[in-house]
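Engineer: Structure provided below as structure tokens; questions to follow.
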Amino acid sequence: MKTRSIYTSALAILLALSSTNCTQLEDESFTEILSSEFDPKASDVAALVGRAYTNMRFILLDWDGTWRAQEVSADQIVIPARPNGWVDGGVFRRLHEHKWTTDDPIVIQTWNRTFAGITNTNRLLYQIETGLVPLATEKEATIAELKVLRAYYYYLLCDMYGNVPIVTSFDLPEGFLPEQSTRKQVYEFIVKELKDNIPLLSTKNDISTYGRFNKWAGLTLLAKMYLNAQVYSGTPAWQECVNTCDEIINGGAGFILESNHKDVFRTSNEGSKEIIFGIPIDEKYTTNWNAFDFHLQTLAPESQATYNLKSTPWGGMAAIPQFVSSYDPDDIRLKTDWIQGQQYTAAGQPIIAGGTPLIYVNEIAGVDRSNMFDGFRLGKFEIKPESTNILNNDFPLLRYSDVLFMKAESLLRTGRADEAAAIVTQIRQRYFKSNPAKAVVTGAELMQGSTYDYGLRNHTTSTDEEGRDIMYGRMLDELGWEFSQEGRRRQDMIRFNVFTKKSWFSHTPNSEYRSLYPIPRVELQKNTKLVQNPGYPQG
Amino acid sequence: MNKKLQTHLRILLLIPLLVLQVSGVLAQQLGIKGKVTDETGVGLPGVAVVLKGTTTGTSTDANGDYSISVPASGGILVFSYISYQTQEVPVTNQTTLNVTLKTDTKALDEVVVIGYGTQRRADVTSSVATVKSDDFVKAPVVDAGQLLQGKVAGLTVVSSNGDPASGTAILLRGNTTLFGANSDPLVLIDGIPGNLKTVAPEDIASVDVLKDGSAAAIYGTRGTNGVIIITTKRASGDFDSSIEYSGSVSTQTIAKKLDMLTADDYRAQIAAGTRPSNMDLGGNTNWLDEITQTPISNVHNLTFRGGNRKTNYLANANYRALNGVFKKSDNKTFTGRVDINHNMLDDKLHLNLGFLNTHNKFTTTGDGFSFNGYTYRQSLIFNPTTPIRNAEGQYYEQPGNFNYENPLGRLFESDGENTSQNNRLSAVLTYNPIQSLTLKALGSYTRFNEERGYAETKNHISTVRDGRNGFASVGSSQNIDRLLELTSEYATTLGSHRVSILGGYTYQEMDTRNQWMQNWNFPTDMFGYSSIGLGTARALGITPIYSGRFKTNLISFIGRVSYSFKDKYLLLANLRHEAASTLAGTNKPWGTFPAISAGWRITNEPFMESQNLFDELKLRAGYGVTGSNPRDLFLGQATLSYGDSYYSNGQWIQTLGPARNPNPYLRWEEKHESNFGLDYSMLGGRISGTFDYYYRRISGLLYDFPVPSPPNLVGFTRANVGKMDNKGFEALVNLVPVQKADFNWTTTLLFSTNENKLVNFQNELYKTSSNYITAGGTGEPIQTFTHLINAGDNIGDFYGFKVIDVSESGEWIYEDKDGNAVPYDDFSHSFEDKKVLGNGIPKYHAGWNNNFRYKNFDLGITMRGSFGFQILNFQRMYYENPSIQAYNRLKSAYEPVFGKAVLSNDMPLEFNSYYVEDGDFWKVDNITLGYTFKNLNAKYLQSARIYVSSLNTFVITNYKGIDPEVSWLGLSPGIDNRDKYPTTRTFTVGVNISL
């Protein structure tokens with residue numbers, strides 16, 4: 001009896017264990033799809049391909065993104081220390097003073113996010129080419145579109161870091177470390193990719209291509225490469241730029257200059273015919289943190305009452321007073337693009353904050369110190385009443401005015417100043433409707449220096465450097481007024497050789513090499529094949 | 001809780017006292033005298049002599065003599081004395097009864113729970129600490145962890161805040177993980193995994209803590225942070241039916257209030273011209289006082305036992321109504337537990353059934369919070385001249401001031417409640433076909449359900465400022481845990497050899513679901529969160545909604561051999577072979593965790609027979625391997641997740657892409673631990689204790705390791721990338737300094753050290769030249785990391801700017817990377833300028849616990865201290881900077897820095913060494929004074945004791961913050977967070993009654 005019980009028990013246990021369930025690891029997923037179990041259908045293609053595009057908005061607009069790297073390092077916008085913060089370990093001050101370290105997030109984030117976009121496009125190209133993502137039709141066009149998108153990502157890297165690795169494959173061996181290319185090689189790669197693939201892109205300019213690279217967006221990107229060819233490759237390509245712009249201008253895609261430029265930046269701007277490439281943003285759908293929150297980053301908390309915002313702004317970002325002073329007083333952009341003066345509640349009552357009227361003044365003590373209401377605030381993008389923490393405006397990444405300006409600048413630089421002036425005048429007309437005479441710019445004027453009153457201006461020091469010595473400085477001014485707050489000022493200043501030469505606000509020049517951002521220290525640590533950009537520490 | 005209910009509870013508390021029905025009729029008595037001696041014939045003073053089953057008793061005098069009256073009907077006299085064997089002598093007609101007590105070896109026969117079984121204390125070869133209910137902290141504790149505070153060397157129990165809804169965090173022998181793995185110890189309640197709140201603290205009989213790896217290895221991938229085995233009170237064997245009741249009423253005060261500016265101070269500053277006059281808003285409000293209350297908490301515990309040898313039961317009911325020092329801060333828990341034993345088939349089959357139900361409810365004053373610490377912050381920073389309400393009778397708000405919300409408005413214009421239920425059914429079937437073989441099957445089913453609701457009215461700041469027009473949030477979660485354990489154990493003795501062999505299989509699966517949604521723009525405040533569909537924000541498509549579900553399981557085979565030769569040489573070997581589903585899809589989901597330990601009972605050697613100094617001396621050595629699983633699922637295999645909307649052809653769609661870099665090489669973190677120990681008992685048990693030294697090497701630390709992208713999908717991969725060391729020494733000394741008839745003093749000294757280093761930070765596959773990681777965060781608006789962990793250095797280093805002086809104008813003078821003094825304006829504030837400013841992990845912990853008994857009085861005092869560490873004082877860092885006028889400041893903000901100059905108004909908030917303080921402290925924690933009623937001639941009442949106690953009584957420290965006992969867990973230890981619910985001082989009156 002005893003022994004039998006033992007055997008019976010042992011047998012029961014053995015039986016229990018031999019059933020496979022007892023050693024089967026749970027691997028059912030309820031929130032993610034196991035790739036091994038995924039068999040994509042045609043209906044999944046948009047969701048898969050779309051992932052390659054979403055990186056665009058993160059790169060540009062997320063915290064310490066490319067927009068900030070291009071604007072807050074330049075002479076129009078500053079993030080000064082505020083009574084409510086904005087010191088953040090000195091990152092914004094270093095950005096303004098061109099003293100960023102190789103560890104600063106402004107250096108790290110564009111690299112990270114842009115290469116994430118590149119890896120996404122490489123992955124999708126691999127999956128489409130190998131048939132893992134089934135594309136019955138438009139396979140060639142989709143591949144071309146993804147390659148142009150990838151070229152855009154490389155354009156960002158070329159502009160910010162210059163010497164970066166070019167990776168075009170996805171199925172790389174484990175432990176593979178990409179080789180670095182020179183900025184010139186990166187430039188040539190981008191131009192070739194664009195020229196090869198633009199002809200395969202859709203020529204439509206409608207909702208089906210909105211937020212995607214069609215032929216016109218591809219050409220605008222190519223024109224941008226040519227515009228900056230001298231900086232990127234050492235060899236200018238002004239005529240190529242003019243030709244490419246002309247292809248867009250004469251392409252019949254229906255682009256126009258909005259007679260009211262604010263239509264390009266309003267909450268519902270997706271219908272604007274001036275936008276060539278808009279990054280779609282919607283408070284309901286693009287809900288990642290900092291998706292598009294210029295309003296919160298720029299307005300003082302008390303301004304919540306003006307717009308009945310659903311979140312309290314915590315802003316500090318403001319216009320550099322010298323730049324605001326460079327506007328012609330009759331230029332409507334001075335009023336429409338910058339929030340200034342006494343602020344009112346939605347009901348029209350003047351806002352008084354703790355006894356002090358909320359008046360945004362055109363003075364800021366310095367990058368290291370400021371009062372809450374110092375400085376005009378960013379208002380080019382319409383702030384819709386009752387906005388959440390995300391603005392609903394699409395971001396006009398490429399627009400028709402830009403094409404006209406690229407052409408004008410190329411003409412100016414190739415001795416065709418009057419033709420350039422005609423284009424600039426045409427654009428300026430929408431800003432001087434009350435005084436049309438002021439819209440006119442002559443070729444001779446464009447040949448002049450800048451009216452920007454450069455020099456150190458803060459609570460400790462004031463110097464006078466002026467801008468009259470800047471070649472084609474007036475053209476740089478025009479770009480500044482036209483494209484303020486659009487995430488590109490640094491690029492323009494570098495092309496006009498001002499970025500590392502002039503002082504403004506609390507900034508003094510800090511060496512030529514600052515015209516490129518360094519390769520982030522963490523990337524040098526991860527990929528030992530990378531060599532640091534000149535001037536920066538390798539380690 | 002309303003007042004009426006409180007009154008009812010107080011009455012309820014008194015009822016047991018009314019049971020004291022003193023019986024007036026005394027039976028005929030018999031006087032008995034005698035002497036109690038030890039084995040050498042010396043009289044023993046202070047021996048307790050009690051008539052069994054009654055409260056009739058006395059104790060021996062200085063010579064060992066006693067006298068007692070017992071009923072002539074007879075009975076049994078029980079003679080008990082510390083470190084001697086208790087003797088029971090039947091009363092016959094003798095009037096003289098002399099007794100010789102033998103030295104006790106019971107302490108060694110005491111059973112220690114070691115996982116999947118028990119061991120005699122004498123046989124234990126690893127580091128296992130046992131704390132019995134008599135030694136628990138006596139106060140309305142928040143969970144079982146607090147019972148152990150200061151009781152186990154090497155076990156740090158942190159209850160670093162005063163929130164009655166929070167719990168303790170436990171750190172055993174230092175930090176073991178960078179992240180990714182669980183840092184909590186495994187908590188088993190009667191063998192079934194749970195947590196420190198699964199059962200009521202008063203329902204616990206003892207807690208065993210498996211400290212070293214050789215003990216914990218039998219728990220494999222869950223054992224790295226130690227194992228805490230809770231044994232509840234059990235019914236067993238034959239005894240009379242009994243009822244035990246314990247109850248207590250407590251109140252609390254805030255441990256320390258920060259010294260902020262008052263309304264008078266504001267007005268004085270205005271008069272002095274240092275503050276604009278428009279900041280006097282005409283009122284005089286102490287905002288902290290406004291949000292605090294004098295809380296009354298009740299705890300009631302009732303235990304019934306009954307039955308016979310064949311079938312017996314225990315039923316426990318526990319109700320804890322805890323209230324915090326802040327208004328709307330509470331926690332109410334009812335726990336019911338029934339435990340039934342039944343013996344069948346000639347006692348060969350034993351069945352144990354367990355039913356546990358816990359119902360918990362607490363008020364929430366934030367979405368997903370119990371008490372929202374942000375409200376506490378507001379009570380500190382709110383302008384003290386602000387009236388509570390404005391002219392319209394609404395809470396006074398200043399919406400323009402950033403991060404500034406009326407604390408009372410936050411409390412009383414919101415309504416939230418969190419309720420949960422935990423149900424556990426368990427059965428253990430034990431079958432002994434022959435005496436030496438035990439077959440055991442354990443099954444349990446645990447289901448946790450939680451419902452959350454939170455709403456804000458239209459007078460809440462969320463509407464006044466943010467235009468929400470009413471806000472509500474609801475959520476629920478469910479967690480189902482199934483466990484099956486099959487073990488068989490064979491034990492036999494062959495001459496001098498004692499052997500037991502254990503084998504088993506365990507299977508555990510967890511299924512978690514949770515969901516929540518938010519809505520706003522409500523037509524009315526009337527329904528709070530109860531009718532979430534009424535809000536119209538949902539229609540705008542901007543309200544978040546979420547649900548998720550996760551299933552995991554854990555499968556293991558276990559084996560153990562224990563062997564002892566002549567009770568002198570002891571050996572124990574464990575093996576666990578285990579797989580975890582979080583590693584499903586990796587190359588090696590199965591792991592093997594071996595352990596071996598040996599002991600030598602020196603006192604059992606012939607050469608020790610002649611000595612009288614040591615009663616017991618045992619050397620122990622052990623080595624064991626345990627693991628920690630990654631917490632997240634599917635890290636080893638490629639997965640796709642939806643997210644990141646994309647505008648495609650006029651429509652927004654969810655895109656699909658890889659969730660992360662898959663890492664098929666991923667493994668558990670593995671801890672290899674060596675432990676050397678000495679157990680000793682001397683002078684008849686007057687001195688006893690243990691010494692332990694441990695060395696732990698944790699390899700394969702999980703971390704999001706930076707990798708190049710491309711080729712990787714993203715710039716980091718969760719991988720096993722480092723090694724960490726922990727070593728330390730632990731000492732426990734139990735002393736009985738005084739043992740007299742009327743006075744008895746026992747004392748326990750604890751001491752422990754810990755050194756925690758990151759050895760390296762690299763991996764074969766993922767190479768990097770980086771050798772540090774940063775951790776911790778200051779929060780807004782300073783926005784920087786607080787700690788740096790450098791390979792080769794200690795974990796817990798604060799890393800920031802070093803202040804060496806202050807200028808005459810009150811500006812910081814910093815030390816730059818080359819050691820030069822640099823004025824503030826020239827200081828570059830770069831990463832290279834940061835330095836190690838201290839370390840947040842104490843180098844030493846010490847404890848001193850005392851129990852005094854004088855006649856019927858007992859007094860317990862527990863003290864503990866931690867030394868050799870620093871604290872980053874967030875309160876000072878944020879509230880001691882005078883440049884900010886929009887928020888209230890500490891008075892000390894206007895005192896000179898280093899006695900030289902008041903900090904300049906141009907200095908922004910910064911994280912620097914000025915706010916890093918020494919944290920050394922000595923805390924008198926729990927003082928309990930009790931009185932036991934003896935010779936109760938009550939009919940049913942067997943014993944009664946009343947007591948008063950205090951918790952967190954006082955602290956000796958130079959630390960300027962509220963309480964130097966901060967959290968030492970994780971990678972950013974030693975941070976005293978500004979929003980932390982302040983710790984409290986607790987005063988309790990309680991009663992214990994047995995019927």
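Ordered as shown in the structure tokens, chains take letters A, B, and onward, while each chain numbers its residues from 1 and ligands are numbered from 1 in the order shown.
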Could you make a table, as CSV, of the residues of chain A that have an atom within 6 Å of an atom of chain B, each with its nearest atom pair and distance in Å to one decimal, counting only C-alpha atoms, in chain and number order?
Structural biologist:
```
residue,atom,partner,partner_atom,distance
A:Lys2,CA,B:Pro433,CA,5.7
A:Leu25,CA,B:Ser581,CA,5.0
A:Glu26,CA,B:Ser581,CA,5.4
A:Phe30,CA,B:Arg549,CA,5.7
A:Glu32,CA,B:Ser641,CA,4.8
A:Ile33,CA,B:Leu640,CA,4.9
A:Leu34,CA,B:Thr639,CA,4.4
A:Ser35,CA,B:Thr639,CA,4.9
A:Ala47,CA,B:Thr655,CA,4.0
A:Leu48,CA,B:Leu656,CA,5.0
A:Gly50,CA,B:Thr655,CA,5.7
A:Arg51,CA,B:Thr655,CA,5.3
A:Gly85,CA,B:Pro781,CA,4.8
A:Asp88,CA,B:Gln783,CA,4.8
A:Ala116,CA,B:Val714,CA,5.9
A:Thr119,CA,B:Pro710,CA,5.8
A:Ile207,CA,B:Asn649,CA,5.5
A:Ser208,CA,B:Asn649,CA,4.3
A:Lys284,CA,B:Ile542,CA,5.2
A:Tyr285,CA,B:Ser645,CA,5.8
A:Pro301,CA,B:Gly400,CA,5.4
A:Glu302,CA,B:Gly400,CA,4.0
A:Lys310,CA,B:Asp466,CA,4.3
A:Ser311,CA,B:Asp466,CA,5.7
A:Gly355,CA,B:Asn278,CA,5.7
A:Gln525,CA,B:Ser769,CA,4.8
A:Lys526,CA,B:Thr768,CA,4.8
```
Engineer: Could you give me, as a ChimeraX atom specification, each residue of stretch 519-717 of chain B that DSSP assigns to helix (DSSP H, G or I) when run on this structure's backbone?
Structural biologist: /B:532-534,537-540,581-583,602-604,606-608,683-685
Engineer: Set the distance at 9 Å and use only C-alpha atoms: which residues neighbour stretch 292-296 of chain B once local chain neighbours fewer than 5 positions away are removed? I'd like the list as a list in words.
Structural biologist: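 Close residues of stretch 292-296 of chain B: Gln6, Val249, Ser250, Thr251, Gln252, Thr253, Ile254, Trp287, Ala321, Leu322, Asn323, Gly324, Val325, Phe326 and Lys327 of chain B.
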